[in-house]
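In what follows, a structure is listed as structure tokens, so that the remarks can point back to it.
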Amino acid sequence: MKDAATVWLPYPWEGIPGLPDDFTYGHWDGTGPLPGDPGEVRFLTGPTAPGADHALRSVLPRMGRLEVFQLLSSGYDYVLPMLDDMPPGTKLVTARGVHREATAELAVTLLLALCRGIDQFIARQAEGRWRPEPRTTLVGKRVLVVGYGAVGAAVAARLRAFRCAPVLVARSERTTPTGHVHGAAQLSSLLPTVDAVVLCAPLTEWTRGMFDADTLALLKDGALLVNIARGELVDTDAVVREVRSGRIRVALDVTDPEPLPAGHPLWDLPGALITPHVAAFTDAFPTMSVAFLREQLHRYARGEELDNVVLTTTAGSPGGERAA
């Protein structure tokens, strides 16, 4: 059992039933005053408030006893520059799976919107124009799902309900109970054969910029691209050129740069549908994240391995050498 460890949560801990009694809790959402001495914190849950990254950069160097840095996101690339500020042995943990259903829901929503021309009909509604026209359907389409983790699997399951043929790609080729997963080496040969692409992959050295001008050129005319992963997976300038030409259409919940600045061509580009990185955040998020945190804290109290540990910090390496 952990003895009286200090735990900081982004929610008022008094309103969370069933938390372990072993800990001293503090509520810090990244915006207000610190609830205590950061040097005593051993389990920190990263705040989700906008701009909290800046607050973390000032607080983490003062957390010399930190053992667990628990994120409430699936991705963790945005905290990698902070690894040097964490003491050796700190476990970096994600909330992989918590966002799965909501993110998959938006991915399919965006794909359907592109298929049925909802973005174009909304523009005509604003102009008061009644202009019926046939649109495409998901039925029978081949949809490439890039990244077959928790979100990718949930996207593929929903696509099958629309009688699509999901084509799955991950870093390594494998066979799963739901179908064959192609390896990344096969991506270039698959792209010309699909009608749409949904990006669900994490941001890594392999995925950064993977959809550049050459890769996008492999898509057939009229193809659709949905990105609910990270903006850095695609070359934004190349996307703008392809969409402007009318060859492809895109729906982006994430962009590079992000936030998308005012005046950026994507805002007004016909064939581009933009949502402001909202896939994971629904009215279900607080309930699901609290349930996940409660289970993690009980594991921590019992000294058990936590779910979703992605790395453990080590000493003596600039940039934060990591041991998975």
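Chain identifiers are assigned as A, B, and so on, following the order in which chains appear in the structure tokens; residues are numbered from 1 within each chain, and ligands are numbered from 1 in order of appearance.
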
Find the residues near range 183-197 of chain A: any atom within 6 Å, counting only C-alpha atoms, skip ones fewer than 2 places away on the same chain, and give them as a PyMOL selection string. chain A and resi 142-145+169-173+218-220+223-225

**Prompt:** Residues of range 26-232 of chain A in strand (DSSP E) according to DSSP, as a ChimeraX atom specification?
**Reply:** /A:26-27,41-45,68-70,91-93,142-146,165-169,174-176,179-182,196-199,224-227

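When only C-alpha atoms are used to measure the gap to Arg163 in chain A, the shortest distance among A:Val239, A:Leu44, A:Leu83, A:Leu138 belongs to A:Leu138.
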
Requested in this report: Please run DSSP on the backbone and report, as a PyMOL selection string, all residues within range 94-309 of chain A that come out as helix (DSSP H, G or I).
Outcome: chain A and resi 100-116+118-127+150-161+184-193+213-216+231-233+236-244+265-268+285-302

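Minimum atom-to-atom distance to Val290 in chain A, evaluated using only C-alpha atoms, belongs to A:Val98 out of A:Leu203, A:Val98, A:Leu112, A:Leu80.
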
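Considering the residues A:Leu72, A:Val79, A:Leu159, A:Ala279 and counting only C-alpha atoms, Leu311 in chain A has its shortest atom-to-atom contact with A:Val79.
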
Close residues, Asp77 in chain A itself excluded, 9 Å, only C-alpha atoms, min 4 positions apart in chain, as a ChimeraX atom specification: /A:81,202-204

- Item | Contacts of Thr24 in chain A within 7 Å, only C-alpha atoms, excl. fewer than 5 positions in-chain, as a PyMOL selection string | chain A and resi 4-7

Min atom-atom distance to Thr103 in chain A from the set A:Leu266, A:Ala280, A:Leu60, A:Ile122, counting only C-alpha atoms, belongs to A:Ala280

Nearest to Gly246 in chain A, restricted to only C-alpha atoms and choosing among A:Leu92, A:Val234, A:Leu260, A:Leu269, comes out as A:Leu269

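Once Ala49 in chain A and its same-chain neighbours fewer than 3 positions away are set aside, Asp29, Gly30, Thr31 and Ala52 of chain A remain within 8 Å of it when counting only C-alpha atoms.
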
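The two atoms in question, CA of Asn227 in chain A and CA of Val198 in chain A, are spaced 5.9 Å apart.
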
Excluding Cys164 in chain A and its own-chain neighbours fewer than 5 positions away, which residues fall within 6 Å of it when counting only C-alpha atoms? Please give them as a PDB file with all heavy atoms, in the first residue's frame.
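Contents of part-v2.pdb, freshly written:
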ATOM      1  N   VAL A 139     -21.913   3.149 -48.297  1.00  0.00           N
ATOM      2  CA  VAL A 139     -22.192   1.739 -48.608  1.00  0.00           C
ATOM      3  C   VAL A 139     -21.256   1.254 -49.716  1.00  0.00           C
ATOM      4  O   VAL A 139     -21.164   1.867 -50.788  1.00  0.00           O
ATOM      5  CB  VAL A 139     -23.651   1.548 -49.043  1.00  0.00           C
ATOM      6  CG1 VAL A 139     -23.897   0.108 -49.476  1.00  0.00           C
ATOM      7  CG2 VAL A 139     -24.591   1.936 -47.906  1.00  0.00           C
ATOM      8  N   GLY A 140     -20.548   0.188 -49.434  1.00  0.00           N
ATOM      9  CA  GLY A 140     -19.678  -0.427 -50.425  1.00  0.00           C
ATOM     10  C   GLY A 140     -18.334   0.236 -50.611  1.00  0.00           C
ATOM     11  O   GLY A 140     -17.518  -0.227 -51.424  1.00  0.00           O
ATOM     12  N   LYS A 141     -18.050   1.297 -49.872  1.00  0.00           N
ATOM     13  CA  LYS A 141     -16.788   2.018 -50.047  1.00  0.00           C
ATOM     14  C   LYS A 141     -15.665   1.338 -49.253  1.00  0.00           C
ATOM     15  O   LYS A 141     -15.889   0.763 -48.186  1.00  0.00           O
ATOM     16  CB  LYS A 141     -16.933   3.469 -49.610  1.00  0.00           C
ATOM     17  CG  LYS A 141     -17.963   4.258 -50.402  1.00  0.00           C
ATOM     18  CD  LYS A 141     -17.622   4.327 -51.888  1.00  0.00           C
ATOM     19  CE  LYS A 141     -18.513   5.311 -52.630  1.00  0.00           C
ATOM     20  NZ  LYS A 141     -19.932   4.889 -52.634  1.00  0.00           N
ATOM     21  N   LEU A 159     -17.752   1.665 -39.068  1.00  0.00           N
ATOM     22  CA  LEU A 159     -17.810   1.654 -40.533  1.00  0.00           C
ATOM     23  C   LEU A 159     -18.479   0.384 -41.053  1.00  0.00           C
ATOM     24  O   LEU A 159     -19.220   0.428 -42.042  1.00  0.00           O
ATOM     25  CB  LEU A 159     -16.396   1.776 -41.108  1.00  0.00           C
ATOM     26  CG  LEU A 159     -15.715   3.139 -40.915  1.00  0.00           C
ATOM     27  CD1 LEU A 159     -14.273   3.074 -41.404  1.00  0.00           C
ATOM     28  CD2 LEU A 159     -16.489   4.238 -41.637  1.00  0.00           C
TER      29      LEU A 159
END

In terms of only C-alpha atoms, the residue from A:Leu297, A:Asp256, A:Ala153, A:Arg244 at minimal distance from Tyr25 in chain A is A:Leu297

Contacts of Gly179 in chain A at 12 Å (only C-alpha atoms; same-chain gap of 6+ positions) as a PyMOL selection string
chain A and resi 148+153+156-157+160+165-169+173

Generate a file of the selected residues that holds all heavy atoms, formatted as an mmCIF file, in the first residue's frame.
data_model
loop_
_atom_site.group_PDB
_atom_site.id
_atom_site.type_symbol
_atom_site.label_atom_id
_atom_site.label_comp_id
_atom_site.auth_asym_id
_atom_site.auth_seq_id
_atom_site.Cartn_x
_atom_site.Cartn_y
_atom_site.Cartn_z
ATOM 1 N N TYR A 148 -4.355 1.187 -35.952
ATOM 2 C CA TYR A 148 -5.362 0.252 -35.470
ATOM 3 C C TYR A 148 -5.184 -0.005 -33.973
ATOM 4 O O TYR A 148 -4.913 -1.111 -33.530
ATOM 5 C CB TYR A 148 -5.314 -1.059 -36.262
ATOM 6 C CG TYR A 148 -6.540 -1.916 -36.060
ATOM 7 C CD1 TYR A 148 -7.782 -1.477 -36.474
ATOM 8 C CD2 TYR A 148 -6.451 -3.166 -35.438
ATOM 9 C CE1 TYR A 148 -8.915 -2.246 -36.274
ATOM 10 C CE2 TYR A 148 -7.579 -3.950 -35.251
ATOM 11 C CZ TYR A 148 -8.801 -3.480 -35.663
ATOM 12 O OH TYR A 148 -9.931 -4.248 -35.463
ATOM 13 N N ALA A 153 -9.838 0.731 -33.975
ATOM 14 C CA ALA A 153 -10.729 -0.421 -33.918
ATOM 15 C C ALA A 153 -12.182 0.011 -33.779
ATOM 16 O O ALA A 153 -13.085 -0.578 -34.390
ATOM 17 C CB ALA A 153 -10.321 -1.334 -32.758
ATOM 18 N N ALA A 156 -13.373 1.337 -37.164
ATOM 19 C CA ALA A 156 -13.632 0.232 -38.093
ATOM 20 C C ALA A 156 -14.946 -0.466 -37.767
ATOM 21 O O ALA A 156 -15.710 -0.827 -38.676
ATOM 22 C CB ALA A 156 -12.473 -0.755 -38.049
ATOM 23 N N ALA A 157 -15.250 -0.650 -36.493
ATOM 24 C CA ALA A 157 -16.505 -1.299 -36.101
ATOM 25 C C ALA A 157 -17.705 -0.489 -36.561
ATOM 26 O O ALA A 157 -18.709 -1.047 -37.041
ATOM 27 C CB ALA A 157 -16.532 -1.494 -34.586
ATOM 28 N N ARG A 160 -18.233 -0.732 -40.390
ATOM 29 C CA ARG A 160 -18.874 -1.978 -40.833
ATOM 30 C C ARG A 160 -20.386 -1.877 -40.721
ATOM 31 O O ARG A 160 -21.114 -2.470 -41.534
ATOM 32 C CB ARG A 160 -18.348 -3.152 -40.008
ATOM 33 C CG ARG A 160 -16.872 -3.471 -40.262
ATOM 34 C CD ARG A 160 -16.423 -4.732 -39.536
ATOM 35 N NE ARG A 160 -14.980 -4.918 -39.669
ATOM 36 C CZ ARG A 160 -14.095 -4.567 -38.732
ATOM 37 N NH1 ARG A 160 -14.520 -4.031 -37.588
ATOM 38 N NH2 ARG A 160 -12.815 -4.763 -38.936
ATOM 39 N N ALA A 165 -16.139 -1.375 -46.300
ATOM 40 C CA ALA A 165 -15.085 -2.377 -46.217
ATOM 41 C C ALA A 165 -13.865 -1.701 -45.598
ATOM 42 O O ALA A 165 -13.059 -1.098 -46.322
ATOM 43 C CB ALA A 165 -14.757 -2.932 -47.595
ATOM 44 N N PRO A 166 -13.714 -1.741 -44.273
ATOM 45 C CA PRO A 166 -12.539 -1.120 -43.656
ATOM 46 C C PRO A 166 -11.259 -1.835 -44.076
ATOM 47 O O PRO A 166 -11.198 -3.068 -44.098
ATOM 48 C CB PRO A 166 -12.791 -1.289 -42.155
ATOM 49 C CG PRO A 166 -14.247 -1.581 -42.013
ATOM 50 C CD PRO A 166 -14.625 -2.310 -43.256
ATOM 51 N N VAL A 167 -10.251 -1.052 -44.425
ATOM 52 C CA VAL A 167 -8.923 -1.569 -44.737
ATOM 53 C C VAL A 167 -8.006 -1.055 -43.633
ATOM 54 O O VAL A 167 -7.872 0.160 -43.445
ATOM 55 C CB VAL A 167 -8.449 -1.088 -46.119
ATOM 56 C CG1 VAL A 167 -7.071 -1.669 -46.443
ATOM 57 C CG2 VAL A 167 -9.464 -1.454 -47.194
ATOM 58 N N LEU A 168 -7.398 -1.953 -42.885
ATOM 59 C CA LEU A 168 -6.704 -1.586 -41.650
ATOM 60 C C LEU A 168 -5.195 -1.552 -41.858
ATOM 61 O O LEU A 168 -4.622 -2.450 -42.479
ATOM 62 C CB LEU A 168 -7.055 -2.588 -40.545
ATOM 63 C CG LEU A 168 -8.554 -2.909 -40.396
ATOM 64 C CD1 LEU A 168 -8.762 -3.981 -39.340
ATOM 65 C CD2 LEU A 168 -9.342 -1.652 -40.060
ATOM 66 N N VAL A 169 -4.562 -0.518 -41.303
ATOM 67 C CA VAL A 169 -3.112 -0.370 -41.387
ATOM 68 C C VAL A 169 -2.570 0.017 -40.019
ATOM 69 O O VAL A 169 -3.118 0.902 -39.343
ATOM 70 C CB VAL A 169 -2.710 0.714 -42.416
ATOM 71 C CG1 VAL A 169 -1.206 0.980 -42.340
ATOM 72 C CG2 VAL A 169 -3.072 0.287 -43.823
ATOM 73 N N GLU A 173 2.297 -5.596 -39.432
ATOM 74 C CA GLU A 173 1.257 -6.456 -39.994
ATOM 75 C C GLU A 173 0.880 -7.536 -38.994
ATOM 76 O O GLU A 173 1.736 -8.093 -38.297
ATOM 77 C CB GLU A 173 1.757 -7.090 -41.290
ATOM 78 C CG GLU A 173 0.701 -7.886 -42.027
ATOM 79 C CD GLU A 173 1.186 -8.347 -43.394
ATOM 80 O OE1 GLU A 173 2.384 -8.196 -43.684
ATOM 81 O OE2 GLU A 173 0.354 -8.866 -44.165
#
